[in-house]
Amino acid sequence: MGRVTITTPDLWHHYGRIRAATDRAVPEAFHWTWSQDGGPGPEVLGGLTGLCVGDLGAGTARHAAYLVTRHQPTQVTALDASPAQHAMATDLYGHLAPRLRIVPSNVVDHLHAMTDTYDVLYSVFGAVDFTEPQELLPAASAALRPGGRLVFSTLAHYLSGAPAQPDAVAADIPAKTPDGEATTMRRWVLQEHVWTKLLDEAGFTDISTNVLPAAEAGPRTADTLLVMAFRPA
């Protein structure tokens, strides 16, 4: 019997496509908040001069491009498993190589292969939201150099207004296949104490959380949970 190949639809095929067609500029600011219009900026990552940085679930790599052009890291690696996102990121910012490295990869697999490599890892509503945390967080800890930091922003509650989960469980949220068919994907929207527990179990220390309120009320607005943790030195 011939080999059976099973392909998984790229559920990020449509994301960011309209903006990519009209806005090719490197962003002028770096925001952690869901609304992308306020809150703290890249200073949360600490000084980046000469450091190796990884963007987990980088999408079209806009945040990574900002860091490469406005700070002095040795290199920023923009990771995303979506072929569509990788293609758009390469089209938009491939010219920033080699300081910007755009990598099409499952984040967990990449991190396992990069032990003691990164000084800083971050995610802006990226892979941390959409990857089993018991798999991703230990891999991130191992990929960081001793003393390295992980910073991520995630939803403080569901976009519907429902509270975040009190346990490490995912919810199915709406998504679309490349041909437009309705489907779902898993997203982890967890309470602060759950993230803290998961990070502690993954070997992180000096864990801190901060809720950044939405700038204004409205449908599909959300507070942001900003989380920072360190691999022990």
# chains A, B, ... in the order shown; residues from 1 in each chain; ligands from 1

$ residues_around --residues "Gly16 (chain A)" --least-positions-apart "2" --cutoff "9 Å" --atoms "only C-alpha atoms" --output "PyMOL selection string"
chain A and resi 12-14+18-21+59-60+85+88

$ write_last_selection --atoms "C-alpha atoms" --output "PDB file, in the first residue's frame"
ATOM      1  CA  TRP A  12      -3.374  31.304   9.623  1.00  0.00           C
ATOM      2  CA  HIS A  13      -3.627  31.620   5.846  1.00  0.00           C
ATOM      3  CA  HIS A  14      -5.931  34.662   5.958  1.00  0.00           C
ATOM      4  CA  ILE A  18      -5.117  42.582   3.860  1.00  0.00           C
ATOM      5  CA  ARG A  19      -2.633  44.643   5.871  1.00  0.00           C
ATOM      6  CA  ALA A  20       0.348  43.014   4.178  1.00  0.00           C
ATOM      7  CA  ALA A  21      -1.008  44.107   0.803  1.00  0.00           C
ATOM      8  CA  GLY A  59       3.265  36.009  12.116  1.00  0.00           C
ATOM      9  CA  THR A  60       4.381  38.524   9.514  1.00  0.00           C
ATOM     10  CA  GLN A  85       2.749  33.725   7.539  1.00  0.00           C
ATOM     11  CA  MET A  88       4.319  37.111   3.952  1.00  0.00           C
TER      12      MET A  88
END

$ closest_atom_pairs --of "region 151-198 of chain A" --to "region 109-132 of chain A" --cutoff "12 Å" --atoms "only C-alpha atoms" --output "Markdown table"
| residue | atom | partner | partner_atom | distance |
| --- | --- | --- | --- | --- |
| A:Val151 | CA | A:Tyr122 | CA | 4.7 |
| A:Phe152 | CA | A:Ser123 | CA | 4.5 |
| A:Ser153 | CA | A:Val124 | CA | 5.1 |
| A:Thr154 | CA | A:Phe125 | CA | 5.1 |
| A:Leu155 | CA | A:Phe125 | CA | 7.5 |
| A:Ala156 | CA | A:Phe125 | CA | 10.9 |
| A:Tyr158 | CA | A:Asp129 | CA | 11.8 |
| A:Ala168 | CA | A:Glu132 | CA | 8.9 |
| A:Val169 | CA | A:Glu132 | CA | 8.8 |
| A:Ala170 | CA | A:Glu132 | CA | 8.2 |
| A:Ala171 | CA | A:Phe130 | CA | 10.0 |
| A:Asp172 | CA | A:Phe130 | CA | 10.4 |
| A:Ile173 | CA | A:Phe130 | CA | 10.5 |
| A:Thr184 | CA | A:Phe130 | CA | 11.7 |
| A:Met185 | CA | A:Phe130 | CA | 8.0 |
| A:Arg186 | CA | A:Phe130 | CA | 6.1 |
| A:Arg187 | CA | A:Phe130 | CA | 4.8 |
| A:Trp188 | CA | A:Asp129 | CA | 5.2 |
| A:Val189 | CA | A:Asp129 | CA | 7.0 |
| A:Leu190 | CA | A:Asp129 | CA | 9.2 |
| A:Trp195 | CA | A:Val128 | CA | 10.5 |
| A:Leu198 | CA | A:Glu132 | CA | 10.8 |

$ select_by_dssp --residues "region 74-232 of chain A" --states "strand (DSSP E or B)" --output "ChimeraX atom specification"
/A:75-80,100-104,118-124,144-155,157,163,165,171-176,182-187,190,205-212,224-230

$ residues_around --residues "Pro9 (chain A)" --least-positions-apart "6" --cutoff "12 Å" --atoms "only C-alpha atoms" --output "list in words"
Ala81, Ser82, Pro83, Ala84, Ala175, Lys176, Thr177, Pro178, Asp179, Gly180, Glu181, Ala182, Thr183, Thr184 and Met185 of chain A

$ closest_atom_pairs --of "region 38-92 of chain A" --to "region 133-147 of chain A" --cutoff "10 Å" --atoms "only C-alpha atoms" --output "CSV"
residue,atom,partner,partner_atom,distance
A:Cys52,CA,A:Leu144,CA,9.5
A:Val53,CA,A:Leu144,CA,9.5
A:Gly54,CA,A:Leu144,CA,9.6
A:Leu56,CA,A:Ala140,CA,9.5

$ write_last_selection --atoms "N, CA and C atoms" --output "mmCIF file, in the first residue's frame"
data_model
loop_
_atom_site.group_PDB
_atom_site.id
_atom_site.type_symbol
_atom_site.label_atom_id
_atom_site.label_comp_id
_atom_site.auth_asym_id
_atom_site.auth_seq_id
_atom_site.Cartn_x
_atom_site.Cartn_y
_atom_site.Cartn_z
ATOM 1 N N CYS A 52 20.819 37.512 21.368
ATOM 2 C CA CYS A 52 20.105 36.634 20.453
ATOM 3 C C CYS A 52 18.655 36.538 20.929
ATOM 4 N N VAL A 53 17.716 36.927 20.062
ATOM 5 C CA VAL A 53 16.313 37.084 20.441
ATOM 6 C C VAL A 53 15.447 36.182 19.571
ATOM 7 N N GLY A 54 14.404 35.602 20.156
ATOM 8 C CA GLY A 54 13.467 34.781 19.399
ATOM 9 C C GLY A 54 12.043 35.251 19.577
ATOM 10 N N LEU A 56 8.325 34.066 19.179
ATOM 11 C CA LEU A 56 7.609 32.795 19.119
ATOM 12 C C LEU A 56 6.213 33.010 18.543
#
